[in-house]
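Everything below concerns the one structure shown next.
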2 protein chains.
Amino acid sequence: MDRVAVIGASMTQFGQRDAWIRELLAEAGQACLDDAGVPPDAVEHLYVSNMASGEFEGQTGVPNALAHDLAAMPAYTARIDQTSSSGGAGAYAAWQSVASGASEMTLLVGGEKMTHRSTAEATDVIASLTHPVEYKHGVTLPSFAGLTARLYLDTYDAPRESLGKVAVKNHRNGVDNPHAQFRKEVDLDTVLDSPIVADPLRLYDFCPITDGSAALLFCPESVAREYADEYAVVSGIGGATDTHVVHERADPTTMRGVVESSDQAYEMAELRPNDVDVAELHDMFTILEFLQFEDLGFAPKGEGWTAIEEGRTERDGDIPVNTSGGLKSKGHPLGASGVAQVYEIYQQVMGDAGKRQVDADVGLACNVGGFGNCVTTTILEAEA
Amino acid sequence: MDRVAVIGASMTQFGQRDAWIRELLAEAGQACLDDAGVPPDAVEHLYVSNMASGEFEGQTGVPNALAHDLAAMPAYTARIDQTSSSGGAGAYAAWQSVASGASEMTLLVGGEKMTHRSTAEATDVIASLTHPVEYKHGVTLPSFAGLTARLYLDTYDAPRESLGKVAVKNHRNGVDNPHAQFRKEVDLDTVLDSPIVADPLRLYDFCPITDGSAALLFCPESVAREYADEYAVVSGIGGATDTHVVHERADPTTMRGVVESSDQAYEMAELRPNDVDVAELHDMFTILEFLQFEDLGFAPKGEGWTAIEEGRTERDGDIPVNTSGGLKSKGHPLGASGVAQVYEIYQQVMGDAGKRQVDADVGLACNVGGFGNCVTTTILEAEA
């Protein structure tokens with residue numbers, strides 16, 4: 001069977017945007033088609049990764065609107081929602097549509113419009129993904145992050161400073177990403193002195209609320225060759241869940257969804273963790289970068305924090321993490337984030353990452369929904 | 001390649017239910033696994049068809065909750081939304097997951113909880129799928145139905161009574177469906193004398209607001225044989241869109257999404273319309289049964305109304321339509337409806353439809369989102 005190729009990618013400016021979800025999706029979708037040189041009427045399936053356009057804007061049916069706006073009708077459309085990992089789930093849906101033979105050209109567009117709502121309102125929408133017993137008792141995702149960070153630091157004798165260094169690294173990377181929400185360096189003291197949000201985590205340990213969209217174009221490898229001399233292939237992809245109630249987890253510092261989904265992706269790609277050259281991890285909170293780093297097999301459990309201390313995850317390290325700036329500085333428009341992760345990996349393996357470029361033939365994106373409730377892992381490799 | 005089989009199906013009681021979306025989904029999901037004799041830990045992918053649990057209940061992340069409630073973790077999960085055709089889109093996603101090799105056992109559960117909200121509130125959520133210019137000017141889906149019914153009756157010299165007879169037929173069928181919301185016959189005078197909702201359509205031309213859930217279990221044919229002597233195969237499936245703005249359609253009495261999606265399904269199944277023995281059509285409004293009947297190729301354009309006059313769509317006709325009672329009497333819990341349509345077709349081709357049983361080896365389900373904005377068509381055939 002043909003492998004599934006990625007032949008185009010785009011992302012809009014992330015940040016506070018004076019545009020509605022329809023406009024953001026159309027902007028990224030059109031840019032992706034232009035990037036690949038593919039006309040809209042070649043699109044057979046069109047997936048939209050979006051968590052909550054209905055809750056945020058009172059507008060549903062956005063995939064159909066996008067087919068209309070891109071002149072891609074009668075392309076089949078659907079919305080894929082897996083909360084904050086909707087983008088990774090969209091990549092999996094797009095991959096399945098091509099691998100099953102249902103579509104020979106699938107456009108995936110992820111997006112979210114959030115900043116017109118207050119932080120409290122946005123938090124209310126996001127927290128609706130937790131178990132009813134949790135939110136009712138005041139548990140939101142940032143509070144899970146604080147509890148888990150405390151447990152991690154205590155259990156593994158990790159210094160608080162190591163978490164701050166994740167924010168410093170990702171902000172530094174974001175400076176070189178023209179689409180990032182925050183393009184400014186921060187120093188460690190600024191992070192460590194910022195206001196407490198959920199002890200021990202402070203403001204700079206958290207990603208912002210963001211508007212934005214990103215897109216990817218998938219097709220069989222045989223079709224890819226018609227449009228491009230060089231392209232990437234999805235050599236591995238997988239997805240998995242963990243408990244809906246976080247307190248039921250045997251070890252809250254291990255994310256089973258990351259372990260299981262990456263096992264699937266590595267097996268499919270016939271690769272091991274040390275074959276990965278660059279990774280985009282879901283750093284919604286700084287602590288999550290450590291957990292994923294370990295659960296993806298880049299370090300033993302409890303030693304993820306040493307990677308930032310040793311410089312392994314910097315752009316000149318052996319496994320650069322979040323060269324895009326991560327959710328931390330790039331921003332986190334829920335439905336777009338997983339797509340934008342794969343966008344960054346595509347840029348890196350194609351050698352098109354500009355100032356952010358690292359030496360990479362194999363890249364991995366890990367997209368986490370909720371507090372690890374559902375996870376997708378995608379591996380891309382360059383083909384020429 | 002293995003064909004994709006359906007080896008189990010279930011639906012809950014439809015109607016006004018004292019249960020939240022999580023409970024409804026778990027009820028149908030468990031019943032479906034029981035029906036097939038498949039343990040929850042065999043489930044690899046789990047899709048939830050649901051339009052708006054966030055808007056209706058303030059609860060998102062329901063696929064993850066369902067994996068938890070069914071003890072199906074770490075099965076991969078995602079929510080599939082295509083507004084009122086979310087169920088058909090879920091069937092397409094489930095089919096793709098198996099046909100692509102990503103999953104050897106995919107459970108699809110569709111559901112919606114609506115009746116705790118007022119009709120005005122529910123209409124507000126549903127109308128959010130229309131183009132912003134439409135709803136802002138007072139256009140809701142029932143008003144589209146009224147305008148289209150008037151155009152159809154005028155253009156094709158069809159009698160108003162023919163629409164009423166669709167309601168009478170589907171209510172009669174619903175009497176024999178133990179899961180239907182309304183199990184009572186209505187006579188033509190009752191329909192024609194009921195209150196006007198959107199002229200010329202009256203109360204009995206409309207489906208109700210409903211709570212409910214339905215489920216299907218998909219696997220490769222080779223795996224199906226391990227669990228069952230008899231099963232059904234998805235011999236054809238397809239999906240397509242039409243304009244987001246209804247007034248841009250060249251002929252509002254033709255639903256391009258129905259034409260395109262059924263063309264795909266017929267081609268894949270190597271069947272023609274007259275090979276279909278039984279069909280579930282999306283009779284959210286009575287007029288839609290005529291439009292789909294024509295656009296699926298069961299009658300020439302403008303002659304769909306003659307089928308009800310001639311008795312062709314009755315249980316003893318040559319192409320029985322909506323033996324389940326249709327959305328009209330069975331009810332229309334948005335995300336469940338497309339799944340429940342395929343449930344009925346599965347019961348029919350397996351010979352398990354009880355008092356509703358007709359002579360059928362090949363059945364078709366057509367699920368319409370919005371006012372034909374997005375459509376999926378699924379064809380099942382019995383295998384023994």
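Naming scheme: A, B, ... for chains in displayed order of the structure tokens; residues 1 onward per chain; ligands 1 onward as shown.
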Give the superposed chain A as a compact mmCIF listing (two decimals) with C-alpha atoms, in the first residue's frame, the fit being least squares on chain B over all ordered C-alpha pairs.
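selection.txt, written as the output of this step:
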# COMPACT_ATOMS: atom_id res chain seq x y z
CA MET A 1 -8.10 -5.98 1.36
CA ASP A 2 -10.58 -7.20 3.94
CA ARG A 3 -13.99 -5.58 3.72
CA VAL A 4 -15.32 -3.75 6.77
CA ALA A 5 -17.97 -5.68 8.71
CA VAL A 6 -20.59 -4.62 11.25
CA ILE A 7 -20.92 -7.27 13.97
CA GLY A 8 -23.04 -5.55 16.61
CA ALA A 9 -25.56 -2.74 17.04
CA SER A 10 -27.72 -1.17 19.72
CA MET A 11 -29.91 1.77 20.46
CA THR A 12 -31.33 3.11 23.70
CA GLN A 13 -34.89 4.17 24.26
CA PHE A 14 -35.32 7.47 22.40
CA GLY A 15 -37.43 10.25 23.94
CA GLN A 16 -37.24 12.30 27.09
CA ARG A 17 -34.58 10.59 29.17
CA ASP A 18 -33.58 11.24 32.77
CA ALA A 19 -29.89 10.66 31.99
CA TRP A 20 -26.95 12.79 30.90
CA ILE A 21 -25.00 12.35 27.67
CA ARG A 22 -22.30 10.28 29.41
CA GLU A 23 -24.91 7.84 30.69
CA LEU A 24 -26.73 7.60 27.36
CA LEU A 25 -23.48 6.89 25.47
CA ALA A 26 -22.37 4.28 27.99
CA GLU A 27 -25.77 2.57 27.86
CA ALA A 28 -25.68 2.19 24.06
CA GLY A 29 -21.96 1.37 23.96
CA GLN A 30 -22.24 -1.42 26.51
CA ALA A 31 -25.34 -2.84 24.84
CA CYS A 32 -23.51 -2.93 21.49
CA LEU A 33 -20.51 -4.78 22.94
CA ASP A 34 -22.92 -7.22 24.60
CA ASP A 35 -24.81 -7.70 21.32
CA ALA A 36 -21.58 -8.69 19.57
CA GLY A 37 -20.06 -10.60 22.50
CA VAL A 38 -16.92 -8.48 22.32
CA PRO A 39 -15.09 -7.49 25.53
CA PRO A 40 -14.33 -3.78 26.03
CA ASP A 41 -10.57 -4.30 26.04
CA ALA A 42 -10.80 -5.54 22.45
CA VAL A 43 -11.89 -2.06 21.33
CA GLU A 44 -9.01 -0.23 19.64
CA HIS A 45 -10.77 2.90 18.37
CA LEU A 46 -13.83 4.52 19.92
CA TYR A 47 -15.66 7.31 18.09
CA VAL A 48 -18.44 9.45 19.47
CA SER A 49 -20.89 11.15 17.11
CA ASN A 50 -22.19 14.19 18.92
CA MET A 51 -22.92 17.71 17.78
CA ALA A 52 -23.13 19.82 20.90
CA SER A 53 -22.66 18.29 24.36
CA GLY A 54 -20.78 21.46 25.28
CA GLU A 55 -23.63 23.75 24.25
CA PHE A 56 -26.42 21.54 25.62
CA GLU A 57 -24.82 20.41 28.89
CA GLY A 58 -21.53 22.23 29.45
CA GLN A 59 -19.74 18.90 29.18
CA THR A 60 -17.01 18.27 26.58
CA GLY A 61 -14.44 15.47 26.36
CA VAL A 62 -17.22 12.87 26.24
CA PRO A 63 -15.29 10.35 24.09
CA ASN A 64 -12.63 10.11 26.77
CA ALA A 65 -15.32 9.78 29.43
CA LEU A 66 -16.88 6.93 27.43
CA ALA A 67 -13.56 5.06 27.10
CA HIS A 68 -13.34 5.36 30.89
CA ASP A 69 -16.94 4.31 31.55
CA LEU A 70 -16.75 1.26 29.25
CA ALA A 71 -13.32 0.22 30.58
CA ALA A 72 -12.07 0.48 27.00
CA MET A 73 -8.90 2.43 27.83
CA PRO A 74 -6.38 2.91 26.31
CA ALA A 75 -8.55 2.78 23.17
CA TYR A 76 -8.04 5.82 20.96
CA THR A 77 -11.01 8.19 20.98
CA ALA A 78 -12.30 11.24 19.15
CA ARG A 79 -15.57 13.09 18.66
CA ILE A 80 -16.95 13.38 15.15
CA ASP A 81 -19.27 16.32 14.48
CA GLN A 82 -21.03 17.04 11.24
CA THR A 83 -24.07 18.69 12.89
CA SER A 84 -27.21 16.59 12.33
CA SER A 85 -25.28 14.12 10.17
CA SER A 86 -22.69 13.44 12.87
CA GLY A 87 -23.84 9.83 13.07
CA GLY A 88 -23.23 9.14 9.39
CA ALA A 89 -19.89 10.92 9.65
CA GLY A 90 -19.06 8.69 12.60
CA ALA A 91 -19.86 5.62 10.50
CA TYR A 92 -17.51 6.95 7.82
CA ALA A 93 -14.77 7.58 10.41
CA ALA A 94 -15.24 4.10 11.86
CA TRP A 95 -15.12 2.58 8.40
CA GLN A 96 -11.91 4.47 7.62
CA SER A 97 -10.30 3.41 10.89
CA VAL A 98 -10.80 -0.26 9.99
CA ALA A 99 -10.17 0.02 6.24
CA SER A 100 -6.89 1.90 6.87
CA GLY A 101 -5.63 -0.83 9.20
CA ALA A 102 -5.45 1.59 12.13
CA SER A 103 -7.98 -0.42 14.16
CA GLU A 104 -9.22 -4.00 14.16
CA MET A 105 -12.18 -3.21 16.41
CA THR A 106 -13.93 0.16 16.31
CA LEU A 107 -16.91 1.06 18.44
CA LEU A 108 -19.04 3.99 17.26
CA VAL A 109 -21.49 5.54 19.70
CA GLY A 110 -23.71 8.45 18.71
CA GLY A 111 -25.78 10.43 21.16
CA GLU A 112 -27.35 13.72 22.14
CA LYS A 113 -29.11 15.02 25.27
CA MET A 114 -31.50 17.83 24.34
CA THR A 115 -34.87 17.74 26.07
CA HIS A 116 -33.70 19.45 29.27
CA ARG A 117 -33.43 22.62 27.17
CA SER A 118 -36.42 24.57 25.91
CA THR A 119 -37.38 24.30 22.25
CA ALA A 120 -36.15 27.87 21.75
CA GLU A 121 -32.79 27.07 23.35
CA ALA A 122 -32.40 23.87 21.34
CA THR A 123 -33.32 25.70 18.14
CA ASP A 124 -30.71 28.31 18.96
CA VAL A 125 -28.00 25.62 19.21
CA ILE A 126 -29.14 23.88 16.02
CA ALA A 127 -29.43 27.13 14.04
CA SER A 128 -25.81 27.95 14.93
CA LEU A 129 -24.84 25.65 12.04
CA THR A 130 -26.34 28.01 9.45
CA HIS A 131 -24.42 30.79 7.76
CA PRO A 132 -24.28 33.90 10.00
CA VAL A 133 -26.21 35.94 7.42
CA GLU A 134 -29.04 33.45 7.53
CA TYR A 135 -29.79 33.05 11.23
CA LYS A 136 -29.28 36.75 11.86
CA HIS A 137 -32.16 37.39 9.49
CA GLY A 138 -34.41 34.86 11.18
CA VAL A 139 -33.79 31.87 8.95
CA THR A 140 -33.82 28.60 10.89
CA LEU A 141 -33.90 25.07 9.50
CA PRO A 142 -37.72 24.79 9.79
CA SER A 143 -38.08 27.97 7.73
CA PHE A 144 -35.83 26.52 5.02
CA ALA A 145 -38.05 23.46 5.04
CA GLY A 146 -41.21 25.55 4.60
CA LEU A 147 -39.73 27.53 1.72
CA THR A 148 -38.46 24.39 0.01
CA ALA A 149 -41.75 22.54 0.49
CA ARG A 150 -43.64 25.45 -1.12
CA LEU A 151 -41.20 25.48 -4.04
CA TYR A 152 -41.42 21.70 -4.47
CA LEU A 153 -45.21 21.56 -4.39
CA ASP A 154 -45.50 24.42 -6.87
CA THR A 155 -42.77 23.23 -9.23
CA TYR A 156 -43.85 19.61 -9.48
CA ASP A 157 -47.63 19.96 -9.03
CA ALA A 158 -47.49 17.78 -5.94
CA PRO A 159 -50.45 17.72 -3.55
CA ARG A 160 -49.96 19.00 0.00
CA GLU A 161 -51.52 15.75 1.19
CA SER A 162 -48.54 13.74 -0.07
CA LEU A 163 -46.31 15.37 2.56
CA GLY A 164 -48.83 14.52 5.25
CA LYS A 165 -48.84 10.91 4.15
CA VAL A 166 -45.11 10.68 4.90
CA ALA A 167 -45.85 11.58 8.52
CA VAL A 168 -48.72 9.07 8.64
CA LYS A 169 -46.50 6.26 7.25
CA ASN A 170 -43.59 6.97 9.55
CA HIS A 171 -45.79 7.18 12.63
CA ARG A 172 -47.37 3.85 11.68
CA ASN A 173 -43.91 2.28 11.37
CA GLY A 174 -42.88 3.77 14.70
CA VAL A 175 -45.63 1.91 16.50
CA ASP A 176 -43.64 -1.29 15.95
CA ASN A 177 -40.32 0.18 17.08
CA PRO A 178 -39.92 -0.36 20.83
CA HIS A 179 -37.22 2.35 21.00
CA ALA A 180 -39.24 5.07 19.24
CA GLN A 181 -40.13 8.34 20.99
CA PHE A 182 -43.70 8.34 19.61
CA ARG A 183 -45.44 5.00 19.26
CA LYS A 184 -48.81 6.18 18.09
CA GLU A 185 -50.55 6.32 14.75
CA VAL A 186 -51.76 9.65 13.42
CA ASP A 187 -54.31 10.08 10.65
CA LEU A 188 -53.97 12.41 7.70
CA ASP A 189 -56.52 14.90 8.99
CA THR A 190 -54.59 15.24 12.25
CA VAL A 191 -51.41 16.07 10.31
CA LEU A 192 -53.13 18.49 7.94
CA ASP A 193 -55.01 20.26 10.76
CA SER A 194 -52.04 20.56 13.12
CA PRO A 195 -50.65 24.06 13.85
CA ILE A 196 -48.69 25.80 11.12
CA VAL A 197 -44.95 26.00 11.87
CA ALA A 198 -43.51 27.18 8.56
CA ASP A 199 -46.14 27.41 5.85
CA PRO A 200 -47.06 25.03 4.24
CA LEU A 201 -45.53 22.73 6.86
CA ARG A 202 -47.36 21.99 10.10
CA LEU A 203 -46.37 20.52 13.43
CA TYR A 204 -46.64 16.91 12.26
CA ASP A 205 -44.29 17.59 9.35
CA PHE A 206 -41.43 18.01 11.86
CA CYS A 207 -39.38 15.61 13.93
CA PRO A 208 -39.24 16.16 17.69
CA ILE A 209 -36.39 17.10 20.03
CA THR A 210 -35.05 13.93 21.58
CA ASP A 211 -32.55 12.34 23.98
CA GLY A 212 -30.95 9.08 22.94
CA SER A 213 -27.95 7.09 21.83
CA ALA A 214 -27.11 4.30 19.36
CA ALA A 215 -24.00 2.26 18.66
CA LEU A 216 -22.33 0.08 16.01
CA LEU A 217 -19.28 -2.19 16.13
CA PHE A 218 -16.98 -2.39 13.08
CA CYS A 219 -14.07 -4.74 12.32
CA PRO A 220 -12.35 -6.38 9.35
CA GLU A 221 -14.32 -9.25 7.83
CA SER A 222 -11.58 -11.68 8.91
CA VAL A 223 -12.10 -10.65 12.54
CA ALA A 224 -15.89 -10.68 12.16
CA ARG A 225 -15.80 -14.40 11.48
CA GLU A 226 -14.20 -14.97 14.89
CA TYR A 227 -17.22 -13.48 16.63
CA ALA A 228 -20.20 -14.23 14.43
CA ASP A 229 -21.54 -16.67 11.85
CA GLU A 230 -23.60 -13.91 10.33
CA TYR A 231 -22.72 -10.27 9.98
CA ALA A 232 -23.16 -7.34 7.62
CA VAL A 233 -20.58 -5.60 5.47
CA VAL A 234 -20.35 -1.92 4.60
CA SER A 235 -20.32 -2.46 0.87
CA GLY A 236 -20.56 1.26 0.04
CA ILE A 237 -20.03 4.52 1.85
CA GLY A 238 -19.48 8.13 0.84
CA GLY A 239 -19.87 11.74 1.91
CA ALA A 240 -20.23 15.17 0.30
CA THR A 241 -21.12 18.80 0.91
CA ASP A 242 -23.38 21.43 -0.62
CA THR A 243 -23.24 25.23 -0.22
CA HIS A 244 -23.27 26.61 3.31
CA VAL A 245 -25.67 29.31 2.15
CA VAL A 246 -28.85 27.69 0.90
CA HIS A 247 -29.88 30.54 -1.40
CA GLU A 248 -26.76 29.95 -3.51
CA ARG A 249 -28.06 26.60 -4.72
CA ALA A 250 -29.05 26.45 -8.37
CA ASP A 251 -32.05 24.27 -7.52
CA PRO A 252 -33.05 24.16 -3.84
CA THR A 253 -35.12 21.03 -4.50
CA THR A 254 -31.94 19.08 -5.32
CA MET A 255 -29.50 18.18 -2.57
CA ARG A 256 -26.12 17.89 -4.20
CA GLY A 257 -24.65 16.26 -1.11
CA VAL A 258 -27.15 13.40 -1.42
CA VAL A 259 -26.42 12.95 -5.12
CA GLU A 260 -22.64 12.99 -4.69
CA SER A 261 -22.41 10.88 -1.54
CA SER A 262 -24.74 8.20 -2.90
CA ASP A 263 -22.88 8.13 -6.21
CA GLN A 264 -19.73 7.31 -4.23
CA ALA A 265 -21.50 4.65 -2.19
CA TYR A 266 -23.16 3.00 -5.22
CA GLU A 267 -19.87 2.95 -7.13
CA MET A 268 -17.99 1.39 -4.23
CA ALA A 269 -20.73 -1.21 -3.71
CA GLU A 270 -21.11 -1.80 -7.44
CA LEU A 271 -24.85 -1.37 -7.03
CA ARG A 272 -27.58 0.72 -8.60
CA PRO A 273 -30.48 2.40 -6.81
CA ASN A 274 -32.91 -0.34 -7.78
CA ASP A 275 -30.70 -2.90 -6.02
CA VAL A 276 -31.57 -1.30 -2.68
CA ASP A 277 -34.23 -3.20 -0.72
CA VAL A 278 -34.81 -0.86 2.23
CA ALA A 279 -33.76 2.70 3.09
CA GLU A 280 -33.61 4.98 6.11
CA LEU A 281 -33.89 8.59 4.97
CA HIS A 282 -33.35 11.73 7.02
CA ASP A 283 -36.97 12.90 7.48
CA MET A 284 -36.22 15.75 9.86
CA PHE A 285 -39.00 17.44 7.83
CA THR A 286 -41.43 15.44 5.66
CA ILE A 287 -40.30 17.27 2.51
CA LEU A 288 -36.78 15.87 2.96
CA GLU A 289 -38.01 12.33 2.38
CA PHE A 290 -39.10 13.29 -1.14
CA LEU A 291 -35.88 15.13 -1.96
CA GLN A 292 -33.65 12.28 -0.81
CA PHE A 293 -35.83 9.67 -2.52
CA GLU A 294 -35.20 11.47 -5.79
CA ASP A 295 -31.57 12.41 -5.24
CA LEU A 296 -30.73 8.81 -4.29
CA GLY A 297 -32.10 7.72 -7.66
CA PHE A 298 -35.24 5.93 -6.43
CA ALA A 299 -37.43 8.22 -8.56
CA PRO A 300 -36.85 10.92 -11.20
CA LYS A 301 -36.66 14.52 -9.96
CA GLY A 302 -40.11 15.83 -9.15
CA GLU A 303 -41.68 12.38 -8.88
CA GLY A 304 -40.63 11.44 -5.36
CA TRP A 305 -44.06 12.40 -4.06
CA THR A 306 -45.73 9.78 -6.26
CA ALA A 307 -43.96 7.02 -4.29
CA ILE A 308 -45.98 7.68 -1.16
CA GLU A 309 -49.18 7.99 -3.19
CA GLU A 310 -48.49 4.63 -4.86
CA GLY A 311 -47.47 2.89 -1.64
CA ARG A 312 -43.93 2.16 -2.89
CA THR A 313 -42.33 3.29 0.40
CA GLU A 314 -44.66 1.35 2.70
CA ARG A 315 -43.39 -1.82 4.37
CA ASP A 316 -45.02 -3.91 1.64
CA GLY A 317 -43.82 -1.62 -1.15
CA ASP A 318 -40.86 -2.17 -3.47
CA ILE A 319 -38.59 0.20 -1.52
CA PRO A 320 -39.72 0.55 2.10
CA VAL A 321 -38.52 3.85 3.60
CA ASN A 322 -38.06 4.53 7.30
CA THR A 323 -39.27 1.21 8.64
CA SER A 324 -37.88 2.42 11.98
CA GLY A 325 -40.43 5.23 12.08
CA GLY A 326 -37.81 7.67 10.84
CA LEU A 327 -36.72 10.76 12.68
CA LYS A 328 -40.39 11.73 12.60
CA SER A 329 -41.62 9.19 15.12
CA LYS A 330 -38.40 7.58 16.38
CA GLY A 331 -37.01 11.00 17.36
CA HIS A 332 -33.88 12.95 16.42
CA PRO A 333 -31.12 13.10 19.01
CA LEU A 334 -28.72 14.85 16.62
CA GLY A 335 -25.52 12.83 17.05
CA ALA A 336 -27.40 9.53 17.44
CA SER A 337 -29.69 9.75 14.41
CA GLY A 338 -27.23 8.68 11.71
CA VAL A 339 -26.05 5.78 13.86
CA ALA A 340 -29.63 4.74 14.57
CA GLN A 341 -30.37 4.79 10.83
CA VAL A 342 -27.57 2.28 10.23
CA TYR A 343 -28.78 0.31 13.27
CA GLU A 344 -32.19 -0.09 11.58
CA ILE A 345 -30.61 -1.15 8.29
CA TYR A 346 -28.41 -3.65 10.16
CA GLN A 347 -31.50 -5.11 11.88
CA GLN A 348 -33.29 -5.35 8.54
CA VAL A 349 -30.50 -7.04 6.54
CA MET A 350 -29.77 -9.41 9.45
CA GLY A 351 -33.45 -10.34 9.65
CA ASP A 352 -33.76 -9.10 13.23
CA ALA A 353 -36.25 -6.25 12.74
CA GLY A 354 -39.19 -8.04 14.40
CA LYS A 355 -42.58 -6.65 13.46
CA ARG A 356 -40.88 -4.12 11.19
CA GLN A 357 -39.07 -6.78 9.15
CA VAL A 358 -39.14 -6.43 5.37
CA ASP A 359 -37.50 -8.60 2.71
CA ALA A 360 -34.04 -7.03 2.49
CA ASP A 361 -30.48 -8.09 1.67
CA VAL A 362 -29.26 -4.61 0.76
CA GLY A 363 -30.07 -1.49 2.78
CA LEU A 364 -29.11 2.18 2.57
CA ALA A 365 -28.97 4.97 5.16
CA CYS A 366 -28.84 8.64 4.13
CA ASN A 367 -27.92 11.10 6.90
CA VAL A 368 -28.32 14.82 6.19
CA GLY A 369 -26.54 17.58 8.10
CA GLY A 370 -28.00 21.07 8.23
CA PHE A 371 -30.28 21.65 5.25
CA GLY A 372 -28.27 19.29 3.05
CA ASN A 373 -25.01 21.08 3.87
CA CYS A 374 -23.21 17.80 4.42
CA VAL A 375 -24.44 14.28 3.75
CA THR A 376 -23.25 10.71 4.21
CA THR A 377 -24.66 7.61 2.55
CA THR A 378 -23.97 4.10 3.87
CA ILE A 379 -24.92 0.79 2.22
CA LEU A 380 -25.00 -2.46 4.21
CA GLU A 381 -25.32 -5.99 2.88
CA ALA A 382 -25.92 -9.20 4.80
CA GLU A 383 -23.20 -11.88 4.76
CA ALA A 384 -23.55 -15.42 6.10
Next item on the list: May I have all residues of range 19-118 of chain A that DSSP, computed from the backbone, assigns to alpha helix (DSSP H), given as a PyMOL selection string?
Entry: chain A and resi 21-36+53-57+62-69+86-99
